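First comes the structure, then the notes that go with it.
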Amino acid sequence: MSSTDGVTDQDVIDVLTMDHREVEGLIEQIAATVDPAQRRDLADQLVAELVRHSVAEEMYVYPAMRDHLPNGEQAVDHDTQEHKELETLLKQLERADAEGAEFMEVLEKIRQVLFDHVRDEESEQFPQLRAHVPAEKLVALKDKVETAKKLAPTRPHPAAPNAELFHKLAGPGVGLVDRLRDKLTGRST
Ligand SMILES: [Fe+2]
Ligand SMILES: [Fe+2]
């Protein structure tokens, strides 16, 4: 790893692991929030964070897993399937009334699927990536992931101008999850 100031460079695994803690923290915050408008904002933030994270993994990290891990093919298929499952749940959360019972049910499902997914990545795939991929490549992947994530705003609602920008990402009638995914992957609708 290269270093100019004596501090070891972070790699892509560090960044993705921090994302996991951030998303878990958001879920706790949502569950502890009573005010529906605040809940809605936090839920939209969760949707944005999780979609950005998943897309960045799929674009840059899962291909490296496929190439370098002994069981890469199956691991990527399994993880991608779980991303799809999470996105289906995020779409439900996006539509759910923040005051209704369904909202908390969906949030609980997201928590469970995410827990399993994150455990697999952090206990199996990430250590294997560190073992099989050169350190410089993992640092380079960090930059790619961070650049990719910057393409989509994370806080859709707290300020009006932000919200406006957010809703202009794609045409009306398209949900947040799909707007974000399209924006991040460069797919135009
Ligand atoms: Fe993932
Ligand atoms: Fe992840």
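By order in the structure tokens, chains are A, B, ...; within a chain, residues start at 1; ligands start at 1, following the order shown.
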Could you give me the residues within segment 9-140 of chain A that DSSP places in alpha helix (DSSP H), as a compact mmCIF listing (two decimals) with N, CA, C and O atoms, in the first residue's frame?
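What follows is the written file result35.txt:
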# COMPACT_ATOMS: atom_id res chain seq x y z
N VAL A 12 -11.00 -0.63 -0.79
CA VAL A 12 -12.44 -0.72 -1.07
C VAL A 12 -13.18 -1.48 0.02
O VAL A 12 -14.34 -1.18 0.32
N ILE A 13 -12.50 -2.44 0.64
CA ILE A 13 -13.15 -3.22 1.70
C ILE A 13 -13.47 -2.33 2.91
O ILE A 13 -14.55 -2.45 3.50
N ASP A 14 -12.55 -1.41 3.23
CA ASP A 14 -12.80 -0.49 4.34
C ASP A 14 -14.03 0.36 4.06
O ASP A 14 -14.88 0.55 4.94
N VAL A 15 -14.11 0.87 2.83
CA VAL A 15 -15.22 1.75 2.48
C VAL A 15 -16.55 1.01 2.50
O VAL A 15 -17.55 1.49 3.05
N LEU A 16 -16.57 -0.19 1.93
CA LEU A 16 -17.82 -0.95 1.89
C LEU A 16 -18.25 -1.36 3.30
O LEU A 16 -19.44 -1.38 3.62
N THR A 17 -17.28 -1.68 4.14
CA THR A 17 -17.60 -2.07 5.52
C THR A 17 -18.17 -0.86 6.28
O THR A 17 -19.14 -1.02 7.04
N MET A 18 -17.62 0.33 6.04
CA MET A 18 -18.19 1.53 6.66
C MET A 18 -19.61 1.78 6.17
O MET A 18 -20.48 2.18 6.95
N ASP A 19 -19.83 1.55 4.88
CA ASP A 19 -21.20 1.68 4.34
C ASP A 19 -22.15 0.76 5.11
O ASP A 19 -23.28 1.16 5.43
N HIS A 20 -21.71 -0.46 5.35
CA HIS A 20 -22.58 -1.42 6.05
C HIS A 20 -22.99 -0.89 7.42
O HIS A 20 -24.17 -0.92 7.78
N ARG A 21 -22.01 -0.32 8.16
CA ARG A 21 -22.31 0.21 9.50
C ARG A 21 -23.27 1.41 9.39
O ARG A 21 -24.16 1.58 10.21
N GLU A 22 -23.06 2.21 8.35
CA GLU A 22 -23.89 3.40 8.17
C GLU A 22 -25.34 3.01 7.90
O GLU A 22 -26.28 3.56 8.48
N VAL A 23 -25.52 2.02 7.04
CA VAL A 23 -26.86 1.57 6.68
C VAL A 23 -27.54 0.91 7.89
O VAL A 23 -28.72 1.15 8.17
N GLU A 24 -26.80 0.11 8.63
CA GLU A 24 -27.35 -0.50 9.85
C GLU A 24 -27.76 0.58 10.85
O GLU A 24 -28.81 0.48 11.49
N GLY A 25 -26.91 1.62 10.95
CA GLY A 25 -27.22 2.73 11.85
C GLY A 25 -28.50 3.45 11.45
O GLY A 25 -29.32 3.81 12.30
N LEU A 26 -28.68 3.62 10.13
CA LEU A 26 -29.90 4.26 9.63
C LEU A 26 -31.14 3.46 9.99
O LEU A 26 -32.17 4.02 10.36
N ILE A 27 -31.04 2.14 9.86
CA ILE A 27 -32.19 1.28 10.19
C ILE A 27 -32.56 1.46 11.66
O ILE A 27 -33.74 1.60 12.01
N GLU A 28 -31.56 1.49 12.53
CA GLU A 28 -31.82 1.70 13.97
C GLU A 28 -32.48 3.06 14.19
O GLU A 28 -33.43 3.18 14.96
N GLN A 29 -31.95 4.08 13.49
CA GLN A 29 -32.50 5.43 13.64
C GLN A 29 -33.96 5.50 13.20
O GLN A 29 -34.78 6.13 13.86
N ILE A 30 -34.26 4.84 12.09
CA ILE A 30 -35.64 4.85 11.58
C ILE A 30 -36.56 4.19 12.59
O ILE A 30 -37.63 4.71 12.92
N ALA A 31 -36.12 3.03 13.09
CA ALA A 31 -36.95 2.29 14.04
C ALA A 31 -37.20 3.10 15.31
O ALA A 31 -38.23 2.95 15.97
N PRO A 36 -43.46 10.88 11.59
CA PRO A 36 -43.56 10.25 10.26
C PRO A 36 -42.75 10.96 9.17
O PRO A 36 -42.16 10.29 8.32
N ALA A 37 -42.71 12.28 9.19
CA ALA A 37 -41.97 13.02 8.15
C ALA A 37 -40.48 12.74 8.27
O ALA A 37 -39.78 12.54 7.26
N GLN A 38 -40.00 12.68 9.49
CA GLN A 38 -38.59 12.40 9.74
C GLN A 38 -38.26 10.96 9.34
O GLN A 38 -37.21 10.67 8.77
N ARG A 39 -39.19 10.07 9.66
CA ARG A 39 -39.05 8.67 9.27
C ARG A 39 -38.93 8.51 7.76
O ARG A 39 -38.13 7.76 7.23
N ARG A 40 -39.81 9.27 7.06
CA ARG A 40 -39.82 9.24 5.60
C ARG A 40 -38.46 9.70 5.05
O ARG A 40 -37.89 9.08 4.17
N ASP A 41 -37.95 10.79 5.59
CA ASP A 41 -36.65 11.30 5.14
C ASP A 41 -35.55 10.28 5.38
O ASP A 41 -34.70 10.04 4.50
N LEU A 42 -35.55 9.70 6.56
CA LEU A 42 -34.52 8.71 6.89
C LEU A 42 -34.66 7.47 6.01
O LEU A 42 -33.67 6.88 5.58
N ALA A 43 -35.91 7.09 5.73
CA ALA A 43 -36.14 5.91 4.89
C ALA A 43 -35.63 6.18 3.47
O ALA A 43 -35.01 5.31 2.85
N ASP A 44 -35.87 7.39 2.97
CA ASP A 44 -35.38 7.73 1.63
C ASP A 44 -33.85 7.75 1.62
O ASP A 44 -33.22 7.36 0.63
N GLN A 45 -33.29 8.19 2.70
CA GLN A 45 -31.82 8.19 2.82
C GLN A 45 -31.30 6.74 2.84
O GLN A 45 -30.29 6.43 2.21
N LEU A 46 -32.01 5.87 3.54
CA LEU A 46 -31.63 4.45 3.56
C LEU A 46 -31.68 3.85 2.15
O LEU A 46 -30.76 3.15 1.72
N VAL A 47 -32.79 4.15 1.45
CA VAL A 47 -32.93 3.66 0.08
C VAL A 47 -31.74 4.12 -0.76
O VAL A 47 -31.08 3.32 -1.43
N ALA A 48 -31.42 5.42 -0.67
CA ALA A 48 -30.33 5.98 -1.48
C ALA A 48 -28.99 5.34 -1.12
O ALA A 48 -28.24 4.92 -2.01
N GLU A 49 -28.71 5.22 0.16
CA GLU A 49 -27.42 4.66 0.59
C GLU A 49 -27.28 3.21 0.13
O GLU A 49 -26.23 2.80 -0.35
N LEU A 50 -28.34 2.46 0.31
CA LEU A 50 -28.26 1.03 0.01
C LEU A 50 -28.18 0.77 -1.50
O LEU A 50 -27.45 -0.11 -1.94
N VAL A 51 -28.90 1.55 -2.27
CA VAL A 51 -28.84 1.39 -3.73
C VAL A 51 -27.45 1.79 -4.24
O VAL A 51 -26.84 1.07 -5.03
N ARG A 52 -26.95 2.92 -3.76
CA ARG A 52 -25.60 3.35 -4.18
C ARG A 52 -24.56 2.29 -3.85
O ARG A 52 -23.68 2.00 -4.65
N HIS A 53 -24.66 1.75 -2.66
CA HIS A 53 -23.71 0.74 -2.21
C HIS A 53 -23.80 -0.52 -3.09
O HIS A 53 -22.79 -1.05 -3.55
N SER A 54 -25.03 -0.97 -3.32
CA SER A 54 -25.22 -2.21 -4.10
C SER A 54 -24.74 -2.04 -5.53
O SER A 54 -24.07 -2.93 -6.07
N VAL A 55 -25.08 -0.90 -6.13
CA VAL A 55 -24.67 -0.68 -7.52
C VAL A 55 -23.14 -0.60 -7.62
O VAL A 55 -22.54 -1.20 -8.51
N ALA A 56 -22.51 0.11 -6.67
CA ALA A 56 -21.05 0.21 -6.69
C ALA A 56 -20.42 -1.19 -6.54
O ALA A 56 -19.45 -1.52 -7.23
N TYR A 62 -18.02 -6.99 -7.37
CA TYR A 62 -18.43 -8.35 -7.74
C TYR A 62 -17.64 -8.87 -8.94
O TYR A 62 -17.29 -10.06 -8.97
N PRO A 63 -17.33 -8.04 -9.95
CA PRO A 63 -16.47 -8.53 -11.03
C PRO A 63 -15.11 -9.02 -10.52
O PRO A 63 -14.60 -10.04 -10.99
N ALA A 64 -14.55 -8.32 -9.54
CA ALA A 64 -13.27 -8.76 -8.96
C ALA A 64 -13.44 -10.08 -8.22
O ALA A 64 -12.58 -10.95 -8.26
N MET A 65 -14.58 -10.25 -7.56
CA MET A 65 -14.86 -11.53 -6.88
C MET A 65 -14.96 -12.65 -7.90
O MET A 65 -14.40 -13.73 -7.72
N ARG A 66 -15.66 -12.37 -8.99
CA ARG A 66 -15.82 -13.37 -10.05
C ARG A 66 -14.44 -13.80 -10.60
O ARG A 66 -14.21 -14.98 -10.83
N ASP A 67 -13.56 -12.81 -10.77
CA ASP A 67 -12.25 -13.10 -11.36
C ASP A 67 -11.28 -13.77 -10.39
O ASP A 67 -10.46 -14.58 -10.79
N HIS A 68 -11.34 -13.41 -9.12
CA HIS A 68 -10.26 -13.81 -8.22
C HIS A 68 -10.64 -14.84 -7.17
O HIS A 68 -9.76 -15.47 -6.60
N GLY A 72 -16.01 -17.69 -6.89
CA GLY A 72 -16.50 -16.36 -7.23
C GLY A 72 -17.84 -16.32 -7.95
O GLY A 72 -18.71 -15.52 -7.61
N GLU A 73 -17.96 -17.22 -8.92
CA GLU A 73 -19.19 -17.25 -9.72
C GLU A 73 -20.43 -17.43 -8.85
O GLU A 73 -21.39 -16.64 -8.93
N GLN A 74 -20.40 -18.46 -7.99
CA GLN A 74 -21.57 -18.73 -7.13
C GLN A 74 -21.78 -17.61 -6.12
O GLN A 74 -22.92 -17.23 -5.83
N ALA A 75 -20.68 -17.09 -5.57
CA ALA A 75 -20.80 -16.03 -4.56
C ALA A 75 -21.48 -14.80 -5.17
O ALA A 75 -22.37 -14.21 -4.56
N VAL A 76 -21.08 -14.44 -6.39
CA VAL A 76 -21.66 -13.26 -7.04
C VAL A 76 -23.14 -13.50 -7.37
O VAL A 76 -23.98 -12.61 -7.15
N ASP A 77 -23.46 -14.68 -7.86
CA ASP A 77 -24.86 -14.98 -8.15
C ASP A 77 -25.72 -14.86 -6.89
O ASP A 77 -26.80 -14.26 -6.91
N HIS A 78 -25.22 -15.44 -5.83
CA HIS A 78 -25.93 -15.41 -4.55
C HIS A 78 -26.12 -13.97 -4.05
O HIS A 78 -27.22 -13.56 -3.68
N ASP A 79 -25.03 -13.20 -4.08
CA ASP A 79 -25.09 -11.83 -3.57
C ASP A 79 -25.98 -10.93 -4.44
O ASP A 79 -26.70 -10.07 -3.92
N THR A 80 -25.92 -11.14 -5.75
CA THR A 80 -26.73 -10.32 -6.65
C THR A 80 -28.21 -10.60 -6.42
O THR A 80 -29.06 -9.70 -6.45
N GLN A 81 -28.51 -11.88 -6.18
CA GLN A 81 -29.88 -12.27 -5.88
C GLN A 81 -30.37 -11.54 -4.62
O GLN A 81 -31.49 -11.04 -4.58
N GLU A 82 -29.52 -11.47 -3.62
CA GLU A 82 -29.90 -10.78 -2.38
C GLU A 82 -30.05 -9.27 -2.60
O GLU A 82 -30.92 -8.64 -1.99
N HIS A 83 -29.24 -8.70 -3.47
CA HIS A 83 -29.42 -7.28 -3.80
C HIS A 83 -30.80 -7.07 -4.41
O HIS A 83 -31.49 -6.09 -4.10
N LYS A 84 -31.21 -7.99 -5.29
CA LYS A 84 -32.54 -7.87 -5.93
C LYS A 84 -33.64 -7.94 -4.88
O LYS A 84 -34.61 -7.19 -4.92
N GLU A 85 -33.46 -8.89 -3.96
CA GLU A 85 -34.43 -9.06 -2.89
C GLU A 85 -34.51 -7.77 -2.05
O GLU A 85 -35.60 -7.29 -1.73
N LEU A 86 -33.35 -7.21 -1.73
CA LEU A 86 -33.32 -5.96 -0.96
C LEU A 86 -33.98 -4.82 -1.72
O LEU A 86 -34.73 -4.03 -1.14
N GLU A 87 -33.74 -4.75 -3.02
CA GLU A 87 -34.35 -3.66 -3.79
C GLU A 87 -35.86 -3.78 -3.87
O GLU A 87 -36.57 -2.77 -3.85
N THR A 88 -36.36 -5.00 -3.94
CA THR A 88 -37.80 -5.21 -3.92
C THR A 88 -38.37 -4.68 -2.61
O THR A 88 -39.40 -3.99 -2.58
N LEU A 89 -37.68 -4.99 -1.51
CA LEU A 89 -38.13 -4.51 -0.20
C LEU A 89 -38.00 -2.99 -0.09
O LEU A 89 -38.86 -2.32 0.49
N LEU A 90 -36.94 -2.43 -0.68
CA LEU A 90 -36.77 -0.97 -0.63
C LEU A 90 -37.88 -0.26 -1.39
O LEU A 90 -38.34 0.81 -1.00
N LYS A 91 -38.30 -0.88 -2.49
CA LYS A 91 -39.43 -0.30 -3.23
C LYS A 91 -40.70 -0.30 -2.38
O LYS A 91 -41.50 0.62 -2.44
N GLN A 92 -40.88 -1.37 -1.61
CA GLN A 92 -42.05 -1.44 -0.73
C GLN A 92 -41.95 -0.37 0.36
O GLN A 92 -42.94 0.27 0.70
N LEU A 93 -40.74 -0.17 0.87
CA LEU A 93 -40.54 0.84 1.91
C LEU A 93 -40.80 2.24 1.36
O LEU A 93 -41.36 3.10 2.03
N GLU A 94 -40.37 2.44 0.11
CA GLU A 94 -40.55 3.71 -0.57
C GLU A 94 -42.04 4.07 -0.66
O GLU A 94 -42.42 5.21 -0.51
N ARG A 95 -42.86 3.05 -0.90
CA ARG A 95 -44.30 3.28 -1.09
C ARG A 95 -45.09 3.25 0.22
O ARG A 95 -46.22 3.73 0.27
N ALA A 101 -48.44 0.21 9.79
CA ALA A 101 -47.77 -0.97 10.34
C ALA A 101 -46.86 -1.61 9.29
O ALA A 101 -45.82 -2.19 9.62
N GLU A 102 -47.28 -1.52 8.02
CA GLU A 102 -46.51 -2.15 6.94
C GLU A 102 -45.08 -1.61 6.89
O GLU A 102 -44.13 -2.34 6.61
N PHE A 103 -44.95 -0.33 7.16
CA PHE A 103 -43.64 0.32 7.10
C PHE A 103 -42.64 -0.40 8.01
O PHE A 103 -41.54 -0.75 7.59
N MET A 104 -43.05 -0.65 9.25
CA MET A 104 -42.14 -1.31 10.20
C MET A 104 -41.92 -2.78 9.83
O MET A 104 -40.84 -3.31 10.05
N GLU A 105 -42.95 -3.43 9.26
CA GLU A 105 -42.79 -4.82 8.83
C GLU A 105 -41.73 -4.92 7.73
O GLU A 105 -40.88 -5.79 7.74
N VAL A 106 -41.84 -4.01 6.77
CA VAL A 106 -40.89 -4.01 5.66
C VAL A 106 -39.48 -3.68 6.17
O VAL A 106 -38.49 -4.30 5.79
N LEU A 107 -39.40 -2.69 7.06
CA LEU A 107 -38.10 -2.31 7.62
C LEU A 107 -37.45 -3.51 8.32
O LEU A 107 -36.25 -3.75 8.18
N GLU A 108 -38.26 -4.27 9.05
CA GLU A 108 -37.75 -5.46 9.76
C GLU A 108 -37.24 -6.51 8.76
O GLU A 108 -36.19 -7.12 8.98
N LYS A 109 -37.95 -6.70 7.66
CA LYS A 109 -37.48 -7.64 6.63
C LYS A 109 -36.16 -7.18 6.03
O LYS A 109 -35.26 -7.98 5.79
N ILE A 110 -36.06 -5.88 5.78
CA ILE A 110 -34.81 -5.33 5.23
C ILE A 110 -33.67 -5.60 6.21
O ILE A 110 -32.59 -6.04 5.84
N ARG A 111 -33.95 -5.38 7.48
CA ARG A 111 -32.92 -5.60 8.49
C ARG A 111 -32.41 -7.05 8.45
O ARG A 111 -31.22 -7.31 8.49
N GLN A 112 -33.37 -8.00 8.33
CA GLN A 112 -32.98 -9.41 8.34
C GLN A 112 -32.18 -9.81 7.10
O GLN A 112 -31.14 -10.46 7.20
N VAL A 113 -32.68 -9.43 5.92
CA VAL A 113 -31.98 -9.80 4.68
C VAL A 113 -30.59 -9.15 4.66
O VAL A 113 -29.59 -9.78 4.33
N LEU A 114 -30.54 -7.90 5.08
CA LEU A 114 -29.28 -7.17 5.09
C LEU A 114 -28.29 -7.81 6.08
O LEU A 114 -27.09 -7.93 5.78
N PHE A 115 -28.79 -8.23 7.23
CA PHE A 115 -27.92 -8.85 8.23
C PHE A 115 -27.21 -10.07 7.63
O PHE A 115 -25.99 -10.21 7.73
N ASP A 116 -27.96 -10.95 6.98
CA ASP A 116 -27.37 -12.16 6.38
C ASP A 116 -26.38 -11.78 5.27
O ASP A 116 -25.30 -12.34 5.17
N HIS A 117 -26.80 -10.83 4.45
CA HIS A 117 -25.99 -10.42 3.30
C HIS A 117 -24.65 -9.83 3.75
O HIS A 117 -23.58 -10.21 3.28
N VAL A 118 -24.73 -8.93 4.70
CA VAL A 118 -23.54 -8.25 5.21
C VAL A 118 -22.62 -9.24 5.93
O VAL A 118 -21.40 -9.19 5.82
N ARG A 119 -23.21 -10.19 6.65
CA ARG A 119 -22.41 -11.19 7.36
C ARG A 119 -21.62 -12.03 6.36
O ARG A 119 -20.43 -12.27 6.55
N ASP A 120 -22.29 -12.46 5.28
CA ASP A 120 -21.59 -13.24 4.25
C ASP A 120 -20.45 -12.44 3.63
O ASP A 120 -19.35 -12.94 3.46
N PHE A 126 -15.20 -10.63 1.62
CA PHE A 126 -14.21 -9.55 1.78
C PHE A 126 -12.83 -10.10 2.20
O PHE A 126 -11.82 -9.71 1.60
N PRO A 127 -12.78 -10.99 3.20
CA PRO A 127 -11.46 -11.57 3.54
C PRO A 127 -10.83 -12.31 2.36
O PRO A 127 -9.62 -12.24 2.16
N GLN A 128 -11.65 -12.98 1.56
CA GLN A 128 -11.12 -13.68 0.39
C GLN A 128 -10.58 -12.69 -0.64
O GLN A 128 -9.56 -12.94 -1.27
N LEU A 129 -11.28 -11.56 -0.80
CA LEU A 129 -10.78 -10.53 -1.73
C LEU A 129 -9.42 -10.03 -1.27
O LEU A 129 -8.50 -9.90 -2.05
N ARG A 130 -9.29 -9.77 0.03
CA ARG A 130 -8.00 -9.29 0.55
C ARG A 130 -6.92 -10.33 0.36
O ARG A 130 -5.76 -10.00 0.12
N ALA A 131 -7.29 -11.60 0.42
CA ALA A 131 -6.30 -12.67 0.27
C ALA A 131 -5.89 -12.87 -1.18
O ALA A 131 -4.76 -13.25 -1.47
N HIS A 132 -6.80 -12.61 -2.12
CA HIS A 132 -6.55 -12.97 -3.51
C HIS A 132 -6.28 -11.80 -4.46
O HIS A 132 -5.81 -12.01 -5.57
N ALA A 135 -3.11 -5.61 -3.15
CA ALA A 135 -3.53 -4.46 -2.32
C ALA A 135 -3.73 -3.19 -3.16
O ALA A 135 -4.69 -2.45 -2.93
N GLU A 136 -2.86 -2.97 -4.16
CA GLU A 136 -3.00 -1.74 -4.97
C GLU A 136 -4.31 -1.74 -5.73
O GLU A 136 -4.94 -0.70 -5.93
N LYS A 137 -4.71 -2.92 -6.17
CA LYS A 137 -5.96 -2.99 -6.91
C LYS A 137 -7.16 -2.68 -5.99
O LYS A 137 -8.11 -2.01 -6.41
N LEU A 138 -7.08 -3.14 -4.76
CA LEU A 138 -8.17 -2.86 -3.81
C LEU A 138 -8.24 -1.37 -3.47
O LEU A 138 -9.32 -0.84 -3.23
N VAL A 139 -7.09 -0.70 -3.46
CA VAL A 139 -7.08 0.74 -3.23
C VAL A 139 -7.65 1.47 -4.46
O VAL A 139 -8.45 2.40 -4.34
N ALA A 140 -7.28 1.01 -5.65
CA ALA A 140 -7.79 1.62 -6.88
C ALA A 140 -9.31 1.43 -6.98
O ALA A 140 -10.04 2.34 -7.41
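You will find atom CA of Glu122 of chain A at 25.2 Å from atom CA of Leu151 of chain A.
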